[in-house]
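Here is the structure we will look at, set down as C-alpha cells.
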Amino acid sequence: MKSRYSTYLKVAAVVLGGVFLTTGCLQAPDEPLYHTSEKLPEYEQTSFDEYVKDTKLWLEQNRVFLTGDKQTEIDANTPFELAPKERVTPTKGVLFVHGLGDSPFYFRDIAKVLSEQGFLVRTVLLPGHGSRPGDLILPTIDDWKRVVQHHAELLANNVDEVWLGGFSTGANLVTAYAAQHDDIDGLLLFSPAMAPKDSLHVIAPVANYFLDWLDVDPHEDNYTRYATLATNGAALFSESVSEVNDQLSETPYRKPVLMVISESDSVLDSAETIDLFKSSFLHPQSRFVWYGDGKITGDTRIISLASSIPEQRISTFSHMSVLFSPTNGYYGKNGSQLVCDNGQSEEAEKACPNSDELWYSSYDYLEEGKIHARLTWNPYFSELAETIGTVTK
C-alpha cells in the first residue's frame, strides 16, 4: 500500500505548484553567499580520515565566511569522528546525519554521550551544506542517499554493531536506509521529520523547476546552519519524506529505536509522529521521548516530560532544542547564539537581546506580555543520555 506522501501528494503538488508560481519569484542578492561553488565535495573516499581531510580542504576553498574566526566556522561544518576513551577497539558505532540547512556541529553533545557509552561516533556533511546557501542548489537526493550508504558501509568495516542517527531530514534519510538494510542494528532519531506539520513542502519539487529560492535571509549570521533556503533543498526534503513513509507503510521497523520530539515542534506533526511510532516501530526496547503537556497513554515505551518549565522561563520545547546540552558553548543556556528570530512581532524581536525577563519557546509561540527567544538547549539532556543507554544496550 502506498503512503499518503506518494500518489495523493503528487497531485496536490501540481495544483499547489501552479498557485505558488503565480505569487512571484524570490531573488537572492548578487553576492557570493547565494552563488554556487563549481562542484560539490567528494564523499566516497576509501577511509573516513580521508573523507574528513578532503571535506575540510573543500570547505576552506569554498565556504563564504560569516565571521572573522574562519577556523571555528570550518570546524563546525567539518565531519568528525569521536572514539570511546576506554576502549582501544570499539565494537559498536553510530553514524549521524544532520538536517536540512544544518551541520555536523549539531551532534557535538550527543556524540560525547555516545562515545562515553562505548560507541565510535561519526558524522557526515550532506552535500550542499557547510559552505554557502547557494550550494543547496547543486545536490540530488541520490547524493544524500549515497553519502549515508557509503559511510554506513565504511563504519561497518570498523565495528560489529552499526547504528544510525539523524536529526530532522537526516532522521528521514537514515530510517529509509535502515528499513532496507537489515545489518543496521538500530536508530537514534531526533525531531524526525517523517510527518511534516503541513503539506506545503510537496510543492517544492514542482517549484524547483522554476525557482531557486523559497526563502532569502540577507542577514546570515549563524555559522552552524543556513537561514536562506534553496528550493532544491526543500525538494530533497520532500523526497525524503515520501521515501521514508513509503518504506514504513510497506514494512514496520523491528529494531530498537529512540525517537525524541517536542509537542510544540514547529516543523513536524507531533501527534502523527506518535501514531507512526506506535504503528511502525515495534521493538519493545524502543523509546519515544515526548516533551509536552500531559502524559501520553497507550504505549508503555513512551516517556513523557513536561515542556513548560516556568522556573527556567521555558514555555515550550523547540524543533532543535532536543539535541543540545545546557552547557553547549554556542546553543546552551549561557551560549553565545541567541535566536530572537522566533516568529514574534518585530518589536519583540528587537527587544529580545536586551530583555531582562526573556522566555524560551518553539518558533511561532506567542504569549501576551512575554518576549520569547528560541529554546536551543534541552533541560533534560542528562535524562536523555540515560535513555539512549537503555535503547542501545
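Please note that chains go A, B, ... in the order of the C-alpha cells, that every chain numbers its residues from 1, and that ligands are numbered from 1 in the order shown.
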Review point. When DSSP works through the backbone of this structure, what residues of segment 281-340 of chain A end up as strand (DSSP E or B), shown as a PyMOL selection string?
Key: chain A and resi 281+287-291+302-305+309+314
The selected residues should be written to file as an mmCIF file, in the first residue's frame (atoms: N, CA, C and O atoms).
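Writing done, so here's out24.cif:
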```
data_model
loop_
_atom_site.group_PDB
_atom_site.id
_atom_site.type_symbol
_atom_site.label_atom_id
_atom_site.label_comp_id
_atom_site.auth_asym_id
_atom_site.auth_seq_id
_atom_site.Cartn_x
_atom_site.Cartn_y
_atom_site.Cartn_z
ATOM 1 N N PHE A 281 7.183 1.267 14.589
ATOM 2 C CA PHE A 281 8.438 0.986 15.293
ATOM 3 C C PHE A 281 8.106 0.078 16.473
ATOM 4 O O PHE A 281 7.705 0.529 17.547
ATOM 5 N N ARG A 287 12.139 3.489 22.583
ATOM 6 C CA ARG A 287 11.612 4.515 23.467
ATOM 7 C C ARG A 287 11.246 5.761 22.668
ATOM 8 O O ARG A 287 11.954 6.134 21.725
ATOM 9 N N PHE A 288 10.142 6.395 23.069
ATOM 10 C CA PHE A 288 9.694 7.651 22.469
ATOM 11 C C PHE A 288 9.714 8.700 23.578
ATOM 12 O O PHE A 288 8.943 8.607 24.545
ATOM 13 N N VAL A 289 10.595 9.681 23.476
ATOM 14 C CA VAL A 289 10.701 10.734 24.487
ATOM 15 C C VAL A 289 9.881 11.932 24.018
ATOM 16 O O VAL A 289 10.158 12.523 22.974
ATOM 17 N N TRP A 290 8.875 12.283 24.804
ATOM 18 C CA TRP A 290 7.890 13.311 24.455
ATOM 19 C C TRP A 290 8.038 14.481 25.424
ATOM 20 O O TRP A 290 7.862 14.330 26.633
ATOM 21 N N TYR A 291 8.368 15.646 24.908
ATOM 22 C CA TYR A 291 8.417 16.864 25.710
ATOM 23 C C TYR A 291 7.132 17.651 25.437
ATOM 24 O O TYR A 291 6.992 18.281 24.377
ATOM 25 N N ILE A 302 6.607 5.028 25.837
ATOM 26 C CA ILE A 302 6.635 6.479 25.710
ATOM 27 C C ILE A 302 6.978 7.123 27.046
ATOM 28 O O ILE A 302 6.350 6.830 28.076
ATOM 29 N N ILE A 303 7.970 7.996 27.034
ATOM 30 C CA ILE A 303 8.399 8.737 28.220
ATOM 31 C C ILE A 303 7.925 10.176 28.067
ATOM 32 O O ILE A 303 8.320 10.873 27.139
ATOM 33 N N SER A 304 7.071 10.644 28.974
ATOM 34 C CA SER A 304 6.504 11.988 28.895
ATOM 35 C C SER A 304 7.178 12.904 29.911
ATOM 36 O O SER A 304 7.242 12.583 31.104
ATOM 37 N N LEU A 305 7.670 14.040 29.437
ATOM 38 C CA LEU A 305 8.306 15.029 30.298
ATOM 39 C C LEU A 305 7.731 16.403 29.996
ATOM 40 O O LEU A 305 7.527 16.759 28.837
ATOM 41 N N ILE A 309 8.434 24.806 31.787
ATOM 42 C CA ILE A 309 9.267 24.848 32.995
ATOM 43 C C ILE A 309 9.403 26.310 33.415
ATOM 44 O O ILE A 309 10.408 26.985 33.113
ATOM 45 N N ILE A 314 10.919 28.688 30.563
ATOM 46 C CA ILE A 314 10.722 27.892 29.354
ATOM 47 C C ILE A 314 9.235 27.636 29.175
ATOM 48 O O ILE A 314 8.581 27.058 30.049
#
```
**Study point:** Distance query segment 52-64 of chain A at most 8 Å, only C-alpha atoms, self and fewer than 2 positions along chain excluded, as a list in words
**Key:**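 In the requested form, the answer reads Pro32, Leu33, Ser37, Pro41, Glu42, Tyr43, Phe48, Asp49, Glu50, Leu66, Ile74, Thr78, Pro79, Phe80, Gly130, Ser131 and Arg132 of chain A.
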Write the residues of the preceding selection, restricted to N, CA, C and O atoms, as a CSV table (one decimal), in the first residue's frame.
```csv
chain,number,residue,atom,x,y,z
A,32,PRO,N,28.3,36.4,-3.1
A,32,PRO,CA,28.9,35.1,-3.1
A,32,PRO,C,28.1,34.1,-2.3
A,32,PRO,O,28.1,32.9,-2.6
A,33,LEU,N,27.4,34.5,-1.2
A,33,LEU,CA,26.6,33.6,-0.4
A,33,LEU,C,25.6,32.8,-1.2
A,33,LEU,O,25.3,31.7,-0.9
A,37,SER,N,29.1,26.9,-5.7
A,37,SER,CA,30.5,26.5,-5.9
A,37,SER,C,30.6,25.8,-7.2
A,37,SER,O,29.6,25.4,-7.8
A,41,PRO,N,31.7,18.7,-2.9
A,41,PRO,CA,32.8,17.9,-2.4
A,41,PRO,C,32.6,16.4,-2.7
A,41,PRO,O,31.5,15.9,-2.7
A,42,GLU,N,33.7,15.7,-2.8
A,42,GLU,CA,33.6,14.2,-2.9
A,42,GLU,C,33.3,13.6,-1.5
A,42,GLU,O,33.6,14.2,-0.5
A,43,TYR,N,32.6,12.5,-1.5
A,43,TYR,CA,32.2,11.9,-0.2
A,43,TYR,C,32.4,10.4,-0.2
A,43,TYR,O,32.0,9.8,0.8
A,48,PHE,N,37.5,7.1,6.3
A,48,PHE,CA,36.8,8.2,6.9
A,48,PHE,C,37.8,9.4,7.2
A,48,PHE,O,37.5,10.5,7.0
A,49,ASP,N,39.0,9.1,7.5
A,49,ASP,CA,40.0,10.1,7.7
A,49,ASP,C,40.3,10.9,6.4
A,49,ASP,O,40.4,12.1,6.5
A,50,GLU,N,40.3,10.2,5.3
A,50,GLU,CA,40.5,10.8,4.0
A,50,GLU,C,39.3,11.7,3.7
A,50,GLU,O,39.4,12.8,3.2
A,66,LEU,N,31.3,34.0,7.6
A,66,LEU,CA,30.4,34.9,8.2
A,66,LEU,C,31.0,35.7,9.4
A,66,LEU,O,30.5,36.8,9.7
A,74,ILE,N,35.0,26.5,10.0
A,74,ILE,CA,35.4,25.3,9.4
A,74,ILE,C,35.2,24.1,10.3
A,74,ILE,O,34.6,23.1,9.9
A,78,THR,N,32.8,20.7,9.5
A,78,THR,CA,33.6,19.5,9.0
A,78,THR,C,33.1,18.3,9.7
A,78,THR,O,32.8,18.2,10.9
A,79,PRO,N,32.9,17.2,9.0
A,79,PRO,CA,32.5,15.9,9.6
A,79,PRO,C,33.6,15.5,10.6
A,79,PRO,O,34.8,15.9,10.5
A,80,PHE,N,33.2,14.8,11.7
A,80,PHE,CA,34.2,14.4,12.7
A,80,PHE,C,33.9,13.0,13.2
A,80,PHE,O,32.8,12.5,13.0
A,130,GLY,N,27.3,23.5,4.6
A,130,GLY,CA,28.6,23.8,5.2
A,130,GLY,C,29.4,25.0,4.5
A,130,GLY,O,30.3,25.5,5.1
A,131,SER,N,29.0,25.3,3.3
A,131,SER,CA,29.8,26.3,2.6
A,131,SER,C,29.0,27.6,2.3
A,131,SER,O,29.5,28.7,2.8
A,132,ARG,N,27.9,27.6,1.7
A,132,ARG,CA,27.1,28.7,1.3
A,132,ARG,C,25.7,28.2,0.9
A,132,ARG,O,25.6,27.2,0.4
```
**Study point:** segment 80-130 of chain A: residues DSSP assigns to alpha helix (DSSP H), reported as a ChimeraX atom specification
**Key:** /A:108-116
Exercise for review: Just the residues within 9 Å of Leu375 of chain A, please, counting only C-alpha atoms, with nothing from its chain fewer than 5 positions along; format it as a ChimeraX atom specification.
Suggested key: /A:314-321,331,333,338-339,359-363
Practice item. Considering only C-alpha atoms, return as a PyMOL selection string whatever protein or nucleic-acid residues lie within 9 Å of Lys255 of chain A, sequence-local ones (same chain, fewer than 3 positions apart) excluded. Key: chain A and resi 182+184-187+281-286
**Study point:** Gap from atom CA of Ile203 of chain A to atom CA of Leu268 of chain A - Å, one decimal
**Key:**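 Atom-to-atom, atom CA of Ile203 of chain A to atom CA of Leu268 of chain A, that is 16.9 Å.
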Review point. Looking at A:Ala111, A:Phe96, A:Ser355, A:Gly298, which one is nearest to Ala385 of chain A, with distances taken over only C-alpha atoms?
Key: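 Going through A:Ala111, A:Phe96, A:Ser355, A:Gly298 one by one, the smallest distance to Ala385 of chain A is for A:Ala111.
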Check your understanding: Between atom CA of Ala193 of chain A and atom CA of Gly233 of chain A, what is the distance, to one decimal in Å?
Key -> 14.1 Å
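Picture a line from atom CA of Phe105 of chain A to atom CA of Thr224 of chain A; it runs 6.4 Å.
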Using only C-alpha atoms, determine which residues lie at most 12 Å from Gly389 of chain A, disregarding the query and same-chain residues fewer than 4 positions distant; provide the list as a compact mmCIF listing (two decimals) with C-alpha atoms, in the first residue's frame.
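The resulting file, result-v3.txt, is reproduced below:
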```
# COMPACT_ATOMS: atom_id res chain seq x y z
CA ILE A 110 25.10 13.73 21.56
CA VAL A 113 27.29 10.94 25.21
CA LEU A 114 27.62 8.03 22.77
CA SER A 115 31.41 7.93 22.93
CA GLU A 116 31.21 7.76 26.73
CA GLN A 117 28.86 4.81 26.30
CA GLY A 118 31.44 2.96 24.18
CA PHE A 119 30.45 3.97 20.65
CA LEU A 188 18.52 7.29 17.16
CA PRO A 256 15.40 -0.73 18.62
CA VAL A 257 14.67 2.96 18.04
CA LEU A 258 14.96 6.11 20.11
CA GLN A 285 13.26 -1.85 23.69
CA SER A 286 12.37 1.27 21.66
CA ARG A 287 11.61 4.51 23.47
CA SER A 382 21.21 14.12 31.22
CA GLU A 383 17.97 12.10 31.33
CA LEU A 384 18.13 11.77 27.55
CA ALA A 385 21.65 10.35 27.84
CA LYS A 393 22.08 -1.91 25.29
```
Skipping near chain neighbours, those fewer than 5 positions away, what residues fall within 12 Å of Thr123 of chain A using only C-alpha atoms, listed as a short mmCIF file (atom, residue, chain, number, x, y, z; two decimals) with all heavy atoms, in the first residue's frame?
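Saved file part_12.cif follows:
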```
data_model
loop_
_atom_site.label_atom_id
_atom_site.label_comp_id
_atom_site.auth_asym_id
_atom_site.auth_seq_id
_atom_site.Cartn_x
_atom_site.Cartn_y
_atom_site.Cartn_z
N PHE A 48 37.50 7.07 6.34
CA PHE A 48 36.82 8.22 6.93
C PHE A 48 37.80 9.36 7.15
O PHE A 48 37.45 10.54 6.98
CB PHE A 48 36.15 7.82 8.25
CG PHE A 48 35.26 8.91 8.81
CD1 PHE A 48 34.00 9.13 8.28
CD2 PHE A 48 35.70 9.71 9.87
CE1 PHE A 48 33.19 10.14 8.78
CE2 PHE A 48 34.89 10.71 10.37
CZ PHE A 48 33.63 10.93 9.83
N ASP A 49 39.03 9.05 7.53
CA ASP A 49 40.04 10.10 7.72
C ASP A 49 40.27 10.88 6.43
O ASP A 49 40.40 12.11 6.45
CB ASP A 49 41.36 9.48 8.19
CG ASP A 49 41.31 9.01 9.64
OD1 ASP A 49 40.38 9.44 10.35
OD2 ASP A 49 42.18 8.22 10.04
N TYR A 51 38.10 11.22 4.03
CA TYR A 51 36.87 11.99 3.80
C TYR A 51 36.89 13.30 4.59
O TYR A 51 36.58 14.36 4.06
CB TYR A 51 35.67 11.13 4.20
CG TYR A 51 34.37 11.87 4.34
CD1 TYR A 51 33.75 12.48 3.25
CD2 TYR A 51 33.71 11.94 5.58
CE1 TYR A 51 32.54 13.14 3.38
CE2 TYR A 51 32.50 12.60 5.72
CZ TYR A 51 31.92 13.20 4.62
OH TYR A 51 30.72 13.86 4.76
N VAL A 52 37.28 13.21 5.85
CA VAL A 52 37.34 14.42 6.69
C VAL A 52 38.36 15.40 6.14
O VAL A 52 38.09 16.61 6.03
CB VAL A 52 37.68 14.04 8.15
CG1 VAL A 52 37.96 15.29 8.98
CG2 VAL A 52 36.56 13.23 8.78
N ALA A 76 33.06 23.72 12.73
CA ALA A 76 31.64 23.46 12.97
C ALA A 76 31.00 22.69 11.83
O ALA A 76 30.03 21.94 12.03
CB ALA A 76 30.90 24.77 13.19
N ASN A 77 31.53 22.84 10.62
CA ASN A 77 30.91 22.25 9.44
C ASN A 77 31.66 21.04 8.89
O ASN A 77 31.20 20.43 7.92
CB ASN A 77 30.78 23.33 8.36
CG ASN A 77 29.75 24.38 8.71
OD1 ASN A 77 28.56 24.16 8.54
ND2 ASN A 77 30.21 25.52 9.24
N THR A 78 32.78 20.69 9.49
CA THR A 78 33.56 19.54 9.04
C THR A 78 33.07 18.26 9.71
O THR A 78 32.84 18.25 10.93
CB THR A 78 35.05 19.75 9.37
OG1 THR A 78 35.52 20.93 8.71
CG2 THR A 78 35.88 18.57 8.92
N PRO A 79 32.87 17.18 8.98
CA PRO A 79 32.54 15.89 9.61
C PRO A 79 33.60 15.52 10.64
O PRO A 79 34.78 15.88 10.50
CB PRO A 79 32.56 14.91 8.44
CG PRO A 79 32.36 15.76 7.23
CD PRO A 79 33.01 17.07 7.52
N PHE A 80 33.19 14.82 11.69
CA PHE A 80 34.16 14.45 12.72
C PHE A 80 33.91 13.03 13.22
O PHE A 80 32.84 12.46 13.03
CB PHE A 80 34.12 15.45 13.89
CG PHE A 80 32.84 15.46 14.68
CD1 PHE A 80 32.62 14.56 15.72
CD2 PHE A 80 31.84 16.39 14.40
CE1 PHE A 80 31.45 14.58 16.46
CE2 PHE A 80 30.65 16.41 15.12
CZ PHE A 80 30.46 15.51 16.16
N GLU A 81 34.94 12.50 13.86
CA GLU A 81 34.88 11.18 14.49
C GLU A 81 35.25 11.35 15.95
O GLU A 81 36.16 12.09 16.30
CB GLU A 81 35.85 10.22 13.81
CG GLU A 81 35.90 8.84 14.44
CD GLU A 81 36.90 7.91 13.75
OE1 GLU A 81 36.50 7.30 12.75
OE2 GLU A 81 38.06 7.85 14.19
N LEU A 82 34.52 10.66 16.82
CA LEU A 82 34.82 10.67 18.25
C LEU A 82 34.85 9.23 18.73
O LEU A 82 33.84 8.51 18.65
CB LEU A 82 33.75 11.47 19.00
CG LEU A 82 34.06 11.84 20.45
CD1 LEU A 82 35.32 12.69 20.55
CD2 LEU A 82 32.88 12.61 21.06
N ALA A 83 36.02 8.80 19.20
CA ALA A 83 36.19 7.41 19.63
C ALA A 83 35.99 7.30 21.13
O ALA A 83 36.23 8.26 21.87
CB ALA A 83 37.59 6.92 19.25
N GLY A 93 29.30 1.22 16.65
CA GLY A 93 29.47 2.58 16.14
C GLY A 93 28.15 3.17 15.72
O GLY A 93 27.16 2.47 15.50
N VAL A 94 28.12 4.50 15.61
CA VAL A 94 26.92 5.20 15.16
C VAL A 94 27.32 6.29 14.18
O VAL A 94 28.31 6.99 14.37
CB VAL A 94 26.13 5.80 16.35
CG1 VAL A 94 26.99 6.75 17.17
CG2 VAL A 94 24.85 6.49 15.87
N LEU A 95 26.55 6.40 13.11
CA LEU A 95 26.75 7.43 12.09
C LEU A 95 25.59 8.42 12.18
O LEU A 95 24.43 8.02 12.09
CB LEU A 95 26.79 6.82 10.70
CG LEU A 95 26.94 7.80 9.53
CD1 LEU A 95 28.36 8.37 9.50
CD2 LEU A 95 26.59 7.13 8.21
N PHE A 96 25.90 9.71 12.35
CA PHE A 96 24.88 10.74 12.48
C PHE A 96 24.77 11.58 11.21
O PHE A 96 25.78 11.96 10.61
CB PHE A 96 25.20 11.67 13.65
CG PHE A 96 24.83 11.10 15.00
CD1 PHE A 96 25.81 10.86 15.95
CD2 PHE A 96 23.52 10.80 15.30
CE1 PHE A 96 25.48 10.36 17.19
CE2 PHE A 96 23.17 10.29 16.54
CZ PHE A 96 24.14 10.07 17.50
N VAL A 97 23.52 11.90 10.83
CA VAL A 97 23.23 12.69 9.64
C VAL A 97 22.37 13.89 10.05
O VAL A 97 21.30 13.72 10.64
CB VAL A 97 22.49 11.85 8.58
CG1 VAL A 97 22.25 12.68 7.31
CG2 VAL A 97 23.28 10.59 8.25
N HIS A 98 22.84 15.09 9.73
CA HIS A 98 22.17 16.31 10.17
C HIS A 98 20.95 16.64 9.31
O HIS A 98 20.62 15.95 8.35
CB HIS A 98 23.15 17.49 10.16
CG HIS A 98 23.73 17.79 8.81
ND1 HIS A 98 23.02 18.46 7.84
CD2 HIS A 98 24.95 17.53 8.27
CE1 HIS A 98 23.76 18.60 6.77
NE2 HIS A 98 24.94 18.03 6.99
N GLY A 99 20.28 17.72 9.66
CA GLY A 99 19.06 18.12 8.98
C GLY A 99 19.29 19.11 7.86
O GLY A 99 20.42 19.53 7.57
N SER A 103 24.40 21.31 10.14
CA SER A 103 25.81 20.95 10.04
C SER A 103 26.16 19.85 11.04
O SER A 103 25.37 19.56 11.96
CB SER A 103 26.67 22.18 10.35
OG SER A 103 26.49 22.59 11.70
N PRO A 104 27.35 19.24 10.92
CA PRO A 104 27.78 18.25 11.90
C PRO A 104 27.86 18.79 13.33
O PRO A 104 27.79 18.02 14.28
CB PRO A 104 29.17 17.84 11.39
CG PRO A 104 29.10 18.06 9.91
CD PRO A 104 28.27 19.30 9.75
N PHE A 105 27.99 20.11 13.47
CA PHE A 105 28.04 20.72 14.80
C PHE A 105 26.85 20.29 15.66
O PHE A 105 26.97 20.18 16.88
CB PHE A 105 28.05 22.25 14.67
CG PHE A 105 28.08 22.97 16.00
CD1 PHE A 105 29.29 23.29 16.60
CD2 PHE A 105 26.90 23.32 16.65
CE1 PHE A 105 29.32 23.95 17.83
CE2 PHE A 105 26.92 23.98 17.87
CZ PHE A 105 28.13 24.30 18.46
N TYR A 106 25.71 20.03 15.03
CA TYR A 106 24.51 19.70 15.77
C TYR A 106 24.65 18.44 16.62
O TYR A 106 23.86 18.22 17.54
CB TYR A 106 23.33 19.53 14.80
CG TYR A 106 22.60 20.81 14.51
CD1 TYR A 106 23.29 21.95 14.07
CD2 TYR A 106 21.23 20.92 14.67
CE1 TYR A 106 22.62 23.13 13.81
CE2 TYR A 106 20.55 22.10 14.40
CZ TYR A 106 21.26 23.20 13.98
OH TYR A 106 20.59 24.38 13.74
N PHE A 107 25.65 17.61 16.34
CA PHE A 107 25.80 16.35 17.07
C PHE A 107 26.95 16.35 18.07
O PHE A 107 27.28 15.29 18.62
CB PHE A 107 25.98 15.20 16.07
CG PHE A 107 24.79 14.99 15.19
CD1 PHE A 107 24.86 15.26 13.83
CD2 PHE A 107 23.59 14.55 15.71
CE1 PHE A 107 23.76 15.09 13.01
CE2 PHE A 107 22.47 14.37 14.89
CZ PHE A 107 22.57 14.64 13.54
N ARG A 108 27.53 17.49 18.34
CA ARG A 108 28.67 17.50 19.26
C ARG A 108 28.32 16.97 20.64
O ARG A 108 29.08 16.20 21.24
CB ARG A 108 29.24 18.91 19.36
CG ARG A 108 30.06 19.31 18.14
CD ARG A 108 30.84 20.57 18.38
NE ARG A 108 31.64 20.93 17.22
CZ ARG A 108 32.40 22.01 17.15
NH1 ARG A 108 32.48 22.83 18.19
NH2 ARG A 108 33.10 22.28 16.05
N ILE A 110 25.56 15.11 21.62
CA ILE A 110 25.10 13.73 21.56
C ILE A 110 26.27 12.79 21.27
O ILE A 110 26.34 11.67 21.80
CB ILE A 110 24.01 13.57 20.48
CG1 ILE A 110 22.74 14.32 20.89
CG2 ILE A 110 23.71 12.11 20.21
CD1 ILE A 110 22.04 13.77 22.10
N ALA A 111 27.22 13.24 20.44
CA ALA A 111 28.40 12.41 20.13
C ALA A 111 29.21 12.12 21.39
O ALA A 111 29.69 10.99 21.59
CB ALA A 111 29.28 13.12 19.10
N VAL A 147 25.72 9.24 0.33
CA VAL A 147 26.64 9.57 1.42
C VAL A 147 26.28 8.77 2.68
O VAL A 147 27.16 8.33 3.42
CB VAL A 147 26.67 11.09 1.70
CG1 VAL A 147 25.47 11.56 2.48
CG2 VAL A 147 27.95 11.49 2.44
N VAL A 148 24.97 8.55 2.90
CA VAL A 148 24.55 7.71 4.01
C VAL A 148 24.99 6.27 3.80
O VAL A 148 25.57 5.64 4.69
CB VAL A 148 23.01 7.79 4.19
CG1 VAL A 148 22.55 6.78 5.25
CG2 VAL A 148 22.57 9.19 4.58
N HIS A 151 28.98 5.76 3.98
CA HIS A 151 29.61 5.88 5.30
C HIS A 151 29.04 4.90 6.32
O HIS A 151 29.72 4.56 7.29
CB HIS A 151 29.54 7.34 5.77
CG HIS A 151 30.51 8.20 5.03
ND1 HIS A 151 31.85 8.24 5.36
CD2 HIS A 151 30.36 8.99 3.95
CE1 HIS A 151 32.48 9.04 4.53
NE2 HIS A 151 31.61 9.50 3.65
N ALA A 152 27.83 4.40 6.08
CA ALA A 152 27.34 3.29 6.90
C ALA A 152 28.16 2.04 6.61
O ALA A 152 28.55 1.29 7.52
CB ALA A 152 25.86 3.05 6.62
N LEU A 155 31.64 2.47 8.10
CA LEU A 155 31.63 2.25 9.55
C LEU A 155 31.56 0.77 9.87
O LEU A 155 32.18 0.29 10.83
CB LEU A 155 30.44 3.00 10.17
CG LEU A 155 30.28 2.91 11.69
CD1 LEU A 155 31.51 3.47 12.41
CD2 LEU A 155 29.02 3.66 12.12
N TRP A 163 24.80 1.49 14.27
CA TRP A 163 23.60 2.27 14.50
C TRP A 163 23.64 3.50 13.61
O TRP A 163 24.71 3.98 13.24
CB TRP A 163 23.50 2.71 15.96
CG TRP A 163 23.17 1.59 16.91
CD1 TRP A 163 23.96 0.52 17.20
CD2 TRP A 163 21.97 1.43 17.66
NE1 TRP A 163 23.32 -0.32 18.11
CE2 TRP A 163 22.10 0.24 18.41
CE3 TRP A 163 20.81 2.19 17.79
CZ2 TRP A 163 21.09 -0.22 19.26
CZ3 TRP A 163 19.81 1.75 18.64
CH2 TRP A 163 19.95 0.55 19.37
N LEU A 164 22.46 4.00 13.26
CA LEU A 164 22.36 5.25 12.52
C LEU A 164 21.56 6.24 13.33
O LEU A 164 20.60 5.87 14.02
CB LEU A 164 21.68 5.02 11.17
CG LEU A 164 22.37 4.07 10.19
CD1 LEU A 164 21.55 3.95 8.90
CD2 LEU A 164 23.79 4.54 9.88
N GLY A 165 21.94 7.51 13.24
CA GLY A 165 21.22 8.56 13.95
C GLY A 165 20.98 9.73 13.03
O GLY A 165 21.75 9.98 12.09
N GLY A 166 19.92 10.48 13.29
CA GLY A 166 19.65 11.62 12.44
C GLY A 166 18.79 12.66 13.12
O GLY A 166 18.01 12.35 14.03
N PHE A 167 18.93 13.89 12.66
CA PHE A 167 18.11 14.99 13.12
C PHE A 167 17.25 15.49 11.97
O PHE A 167 17.76 15.74 10.87
CB PHE A 167 18.98 16.13 13.65
CG PHE A 167 18.24 17.41 13.92
CD1 PHE A 167 17.32 17.47 14.96
CD2 PHE A 167 18.45 18.55 13.15
CE1 PHE A 167 16.63 18.65 15.22
CE2 PHE A 167 17.77 19.72 13.41
CZ PHE A 167 16.84 19.79 14.44
N GLY A 170 17.71 14.44 8.32
CA GLY A 170 18.67 13.35 8.49
C GLY A 170 18.04 12.10 9.07
O GLY A 170 18.42 10.98 8.72
#
```
Exercise for review: Just the residues within 9 Å of Gln344 of chain A, please, counting only C-alpha atoms, with nothing from its chain fewer than 4 positions along; format it as a ChimeraX atom specification.
Suggested key: /A:340,348-349,363-366,371-372
Limited to C-alpha atoms, could you put the picked residues into a file as a short mmCIF file (atom, residue, chain, number, x, y, z; two decimals), in the first residue's frame?
```cif
data_model
loop_
_atom_site.label_atom_id
_atom_site.label_comp_id
_atom_site.auth_asym_id
_atom_site.auth_seq_id
_atom_site.Cartn_x
_atom_site.Cartn_y
_atom_site.Cartn_z
CA CYS A 340 15.49 36.06 18.57
CA ALA A 348 9.50 41.92 20.47
CA GLU A 349 12.32 40.63 18.27
CA TYR A 363 9.21 29.01 16.80
CA ASP A 364 5.90 30.89 16.46
CA TYR A 365 4.91 30.51 20.10
CA LEU A 366 3.23 33.69 21.35
CA ILE A 371 9.22 38.04 24.86
CA HIS A 372 10.47 34.66 23.63
#
```
Check your understanding: Counting only C-alpha atoms, which of A:Phe277, A:Gly128, A:Asp215, A:Gly68 gets nearest to Arg301 of chain A?
Key -> A:Phe277
Exercise for review: Find, counting only C-alpha atoms, the residue in A:Gly343, A:Asn222, A:Ile261, A:Lys112 that gets nearest to Glu73 of chain A.
Suggested key: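 Ranked by minimum distance to Glu73 of chain A, first place goes to A:Asn222.
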